[in-house]
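Source file: model-v9.cif (mmCIF, C-alpha atoms)
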```cif
data_structure
loop_
_atom_site.label_atom_id
_atom_site.label_comp_id
_atom_site.auth_asym_id
_atom_site.auth_seq_id
_atom_site.Cartn_x
_atom_site.Cartn_y
_atom_site.Cartn_z
CA MET L 1 -27.87 66.74 44.83
CA GLY L 2 -26.14 63.89 43.00
CA ARG L 3 -22.47 63.31 42.73
CA GLY L 4 -20.71 64.66 39.69
CA LYS L 5 -19.35 62.39 37.05
CA ILE L 6 -15.71 61.49 37.66
CA THR L 7 -13.37 61.48 34.69
CA ILE L 8 -11.45 58.22 34.47
CA LYS L 9 -7.78 59.18 34.22
CA ARG L 10 -4.63 58.87 36.27
CA ILE L 11 -4.73 60.83 39.53
CA ASP L 12 -1.71 63.08 39.63
CA ASN L 13 -1.77 63.80 43.36
CA THR L 14 0.06 60.99 45.16
CA ASN L 15 -1.92 61.13 48.40
CA ALA L 16 -5.25 61.28 46.58
CA ARG L 17 -4.15 58.40 44.38
CA HIS L 18 -3.27 56.23 47.39
CA VAL L 19 -6.56 57.01 49.12
CA THR L 20 -8.56 56.21 46.00
CA PHE L 21 -6.61 52.99 45.48
CA SER L 22 -7.26 51.86 49.07
CA LYS L 23 -10.99 52.56 48.88
CA ARG L 24 -11.54 51.01 45.47
CA ARG L 25 -9.32 48.04 46.28
CA ASN L 26 -11.37 47.24 49.35
CA GLY L 27 -14.57 47.67 47.35
CA LEU L 28 -13.28 45.39 44.60
CA LEU L 29 -12.27 42.61 47.00
CA LYS L 30 -15.58 42.98 48.87
CA LYS L 31 -17.58 42.70 45.65
CA ALA L 32 -15.53 39.65 44.61
CA LYS L 33 -16.24 37.95 47.94
CA GLU L 34 -19.96 38.74 47.74
CA LEU L 35 -20.16 37.44 44.18
CA SER L 36 -18.40 34.24 45.18
CA ILE L 37 -20.75 33.62 48.12
CA LEU L 38 -24.01 34.66 46.47
CA CYS L 39 -23.45 32.89 43.16
CA ASP L 40 -21.21 29.99 44.27
CA ALA L 41 -18.57 31.18 41.81
CA GLU L 42 -14.86 30.45 41.79
CA ILE L 43 -13.16 33.85 41.85
CA GLY L 44 -9.57 35.01 41.94
CA VAL L 45 -8.57 38.67 42.18
CA ILE L 46 -4.94 39.83 42.11
CA VAL L 47 -4.04 43.48 42.62
CA PHE L 48 -0.60 45.11 42.69
CA SER L 49 -0.33 48.65 43.96
CA SER L 50 1.91 51.24 42.31
CA THR L 51 4.47 50.50 45.02
CA GLY L 52 4.45 46.79 44.19
CA ARG L 53 2.39 45.57 47.13
CA LEU L 54 0.20 42.51 46.49
CA TYR L 55 -3.49 42.26 47.43
CA ASN L 56 -5.62 39.27 46.46
CA TYR L 57 -8.78 37.32 47.12
CA ALA L 58 -9.50 33.78 45.96
CA ASN L 59 -12.22 31.20 46.43
CA PRO L 60 -11.51 28.33 46.85
CA ASN L 61 -7.78 29.09 46.46
CA MET L 62 -5.58 31.01 44.06
CA GLY L 63 -3.54 27.99 42.92
CA SER L 64 -6.53 25.97 41.67
CA ILE L 65 -8.05 29.03 40.01
CA VAL L 66 -4.82 29.86 38.17
CA GLU L 67 -4.45 26.24 36.97
CA ARG L 68 -8.06 26.15 35.81
CA TYR L 69 -7.60 29.47 34.02
CA LYS L 70 -4.49 28.19 32.21
CA THR L 71 -6.27 24.99 31.17
CA VAL L 72 -9.33 26.82 29.86
CA LYS L 73 -7.17 29.44 28.15
CA GLU L 74 -5.08 26.81 26.36
CA GLY L 75 -8.18 24.90 25.31
CA HIS L 76 -9.78 28.09 24.04
CA SER L 77 -6.64 28.93 22.04
CA GLU L 78 -6.57 25.43 20.54
CA LEU L 79 -10.25 25.73 19.68
CA LEU L 80 -9.66 29.07 17.95
CA ASN L 81 -6.71 27.62 16.05
CA SER L 82 -8.78 24.59 15.05
CA GLU L 83 -11.61 26.81 13.83
CA LYS L 84 -9.19 28.97 11.82
CA GLU L 85 -7.56 25.89 10.33
CA ALA L 86 -10.95 24.37 9.50
CA LYS L 87 -12.06 27.58 7.75
CA PHE L 88 -8.76 27.71 5.84
CA TRP L 89 -9.10 24.14 4.57
CA GLN L 90 -12.78 24.71 3.81
CA VAL L 91 -11.80 27.57 1.50
CA GLU L 92 -9.01 25.48 -0.02
CA VAL L 93 -11.32 22.52 -0.67
CA GLY L 94 -13.94 24.82 -2.18
CA GLY L 95 -11.38 26.29 -4.57
CA LEU L 96 -10.09 22.85 -5.55
CA MET L 97 -13.61 21.55 -6.15
CA GLN L 98 -14.40 24.53 -8.37
CA CYS L 99 -11.17 24.01 -10.30
CA MET L 100 -11.91 20.29 -10.72
CA ASN L 101 -15.43 20.98 -11.94
CA GLU L 102 -14.17 23.49 -14.49
CA THR L 103 -11.45 21.09 -15.67
CA TYR L 104 -13.96 18.25 -15.95
CA SER L 105 -16.30 20.45 -17.98
CA HIS L 106 -13.44 21.36 -20.31
CA PHE L 107 -12.48 17.71 -20.72
CA MET L 108 -16.09 16.96 -21.64
CA GLY L 109 -15.96 19.69 -24.28
CA LYS L 110 -18.20 22.09 -22.36
CA GLU L 111 -17.75 25.79 -21.63
CA LEU L 112 -14.84 26.06 -24.08
CA SER L 113 -15.90 29.49 -25.31
CA THR L 114 -14.60 31.13 -22.14
CA ILE L 115 -11.00 29.86 -22.33
CA SER L 116 -8.12 31.28 -24.35
CA MET L 117 -6.13 29.72 -27.18
CA LYS L 118 -3.27 28.84 -24.84
CA GLU L 119 -5.66 27.15 -22.44
CA LEU L 120 -7.13 25.21 -25.36
CA GLN L 121 -3.65 24.09 -26.36
CA ASP L 122 -2.86 23.05 -22.80
CA LEU L 123 -6.15 21.16 -22.64
CA GLU L 124 -5.34 19.37 -25.89
CA ASN L 125 -1.91 18.38 -24.56
CA GLU L 126 -3.47 17.07 -21.35
CA LEU L 127 -6.00 15.04 -23.34
CA GLU L 128 -3.23 13.55 -25.48
CA MET L 129 -1.25 12.64 -22.37
CA SER L 130 -4.36 11.10 -20.83
CA MET L 131 -5.02 9.04 -23.97
CA LYS L 132 -1.40 7.90 -23.99
CA SER L 133 -1.66 6.82 -20.36
CA ILE L 134 -4.91 4.99 -21.13
CA ARG L 135 -3.33 3.12 -24.06
CA ILE L 136 -0.31 2.16 -21.96
CA ARG L 137 -2.54 0.87 -19.18
CA LYS L 138 -4.72 -1.00 -21.68
CA ASP L 139 -1.69 -2.69 -23.26
CA GLN L 140 -0.41 -3.61 -19.81
CA ILE L 141 -3.72 -5.22 -18.85
CA MET L 142 -3.83 -7.18 -22.13
CA LYS L 143 -0.26 -8.36 -21.60
CA GLU L 144 -1.07 -9.49 -18.06
CA LYS L 145 -4.14 -11.40 -19.29
CA ILE L 146 -2.13 -13.12 -22.06
CA GLU L 147 0.59 -14.10 -19.59
CA ALA L 148 -2.05 -15.46 -17.21
CA LEU L 149 -3.66 -17.50 -20.01
CA ASN L 150 -0.28 -18.84 -21.13
CA SER L 151 0.57 -19.81 -17.57
CA LYS L 152 -2.80 -21.50 -17.19
CA GLY L 153 -2.30 -23.31 -20.53
CA ASN L 154 1.13 -24.57 -19.46
CA LEU L 155 -0.35 -25.82 -16.20
CA ILE L 156 -3.14 -27.64 -18.05
CA GLN L 157 -0.60 -29.17 -20.46
CA LYS L 158 1.53 -30.36 -17.54
CA GLU L 159 -1.53 -31.88 -15.85
CA ASN L 160 -2.45 -33.65 -19.12
CA MET L 161 1.04 -35.14 -19.35
CA GLU L 162 0.79 -36.40 -15.77
CA LEU L 163 -2.61 -37.93 -16.53
CA GLN L 164 -1.20 -39.60 -19.65
CA LYS L 165 1.64 -41.09 -17.60
CA GLU L 166 -0.83 -42.40 -15.04
CA ALA L 167 -3.04 -43.81 -17.81
CA SER L 168 -0.04 -45.57 -19.40
CA PHE L 169 1.01 -47.01 -16.05
CA ILE L 170 -2.51 -48.28 -15.34
CA SER L 171 -2.73 -49.74 -18.85
CA GLY L 172 0.56 -51.61 -18.30
CA GLU L 173 -0.64 -52.94 -14.96
CA ASN L 174 -3.86 -54.15 -16.58
CA SER L 175 -1.94 -55.90 -19.35
CA LEU L 176 0.30 -57.67 -16.83
CA LEU L 177 -2.74 -58.68 -14.79
CA ARG L 178 -4.44 -60.13 -17.88
CA GLN L 179 -1.29 -62.08 -18.72
CA ASN L 180 -1.12 -63.53 -15.22
CA MET L 181 -4.77 -64.52 -15.35
CA HIS L 182 -4.23 -66.50 -18.59
CA MET L 183 -1.15 -68.50 -17.37
CA PRO L 184 -1.54 -72.35 -17.81
CA GLU L 185 -2.45 -74.42 -14.75
CA PRO L 186 0.33 -76.78 -13.35
CA ASP L 187 0.19 -80.57 -14.39
CA PHE L 188 0.04 -82.02 -10.89
CA LEU L 189 -1.20 -80.68 -7.64
CA THR L 190 0.25 -82.58 -4.68
CA LEU L 191 -1.40 -82.43 -1.31
CA GLN L 192 0.20 -84.03 1.74
CA LEU L 193 -2.05 -84.86 4.64
CA PHE L 194 -0.81 -85.41 8.17
CA ASN L 195 -2.58 -87.50 10.80
CA PRO L 196 -2.63 -85.87 14.17
CA PRO L 197 -0.43 -87.68 16.76
CA SER L 198 -2.22 -89.96 19.19
CA THR L 199 -2.48 -88.69 22.68
CA SER L 200 -3.40 -90.77 25.72
CA TYR L 201 -5.28 -89.12 28.51
CA GLN L 202 -5.06 -90.54 32.00
#
```
Can the structure in the file be given as structure tokens, please?
Amino acid sequence: MGRGKITIKRIDNTNARHVTFSKRRNGLLKKAKELSILCDAEIGVIVFSSTGRLYNYANPNMGSIVERYKTVKEGHSELLNSEKEAKFWQVEVGGLMQCMNETYSHFMGKELSTISMKELQDLENELEMSMKSIRIRKDQIMKEKIEALNSKGNLIQKENMELQKEASFISGENSLLRQNMHMPEPDFLTLQLFNPPSTSYQ
């Protein structure tokens, strides 16, 4: 005849509760040891009795198991937080993309039948502001190009003036050289010859 099913609830009788605790505690620690040996698993079991007494089993040791548990637990929490944050931003990006697509369609004059008069007015104001910004930017670019051309023109003019000065200087040098080449020859050319002194060799 099989054993009857035991209802899992607190045992009111103190002696019976202590006996059950002792038996099941020993069974729990035994099973933990067997699991560690059979499956080469790192196991840590901590049990406090109702009187505050500590019972434990650990393989390889409780300190390393607790540290490993804390590390894994923290990493798991960070992973969960990262996943939640990623899902949040995914939803945010999806909403922004949808809003941008709708706004772009409205700017292109599409799907206007679904928006109200106020939204049409707001869209018109945004278009006018965009056109104003475009005109301002266009004028700024034109002004920058004109200033660049003027600066380049001034530089070219300055280089031309320098070249003209150099050309004038060279022209003056050539004129002076031509004048020197056409100077009259002198009337007399005197050459004085010297006889080398006589030297006696012994």
Next item on the list: Please provide the set of residues having any atom within 7 Å of segment 29-42 of chain L, restricted to all atoms listed in the file, with same-chain residues fewer than 5 positions apart removed, written as a VMD selection string.
Entry: chain L and resid 57 59 to 60
Next item on the list: Rank nothing, just name the residue among L:Ser82, L:Ser22, L:Thr71, L:Ser168 nearest to Arg53 of chain L, using all atoms listed in the file.
Entry: L:Ser22
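The closest residue to Thr20 of chain L, picked from L:Arg135, L:Leu127, L:Ser49, L:Ala148 and counting only C-alpha atoms, is L:Ser49.
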Would you compute the box with edges along x, y and z of the file around segment 86-92 of chain L, including every atom the file lists for it and 8 Å extra on each side, and give its centre and edge lengths in Å to one decimal, as AutoDock Vina command-line options?
```
--center_x -10.8 --center_y 25.9 --center_z 4.7 --size_x 20.0 --size_y 19.6 --size_z 25.5
```
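The space separating atom CA of Gly44 of chain L from atom CA of Lys70 of chain L comes to 12.9 Å.
Counting from atom CA of Met100 of chain L, the distance to atom CA of Arg137 of chain L is 23.2 Å.
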Checklist line | For atom CA of Gln164 of chain L and atom CA of Asn180 of chain L, the interatomic separation in Å (one decimal) | finding: 24.3 Å
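Ranking L:Ser175, L:Glu166, L:Ile156, L:Leu123 by their shortest atom-to-atom distance to Thr103 of chain L, with all atoms listed in the file included, puts L:Leu123 first.
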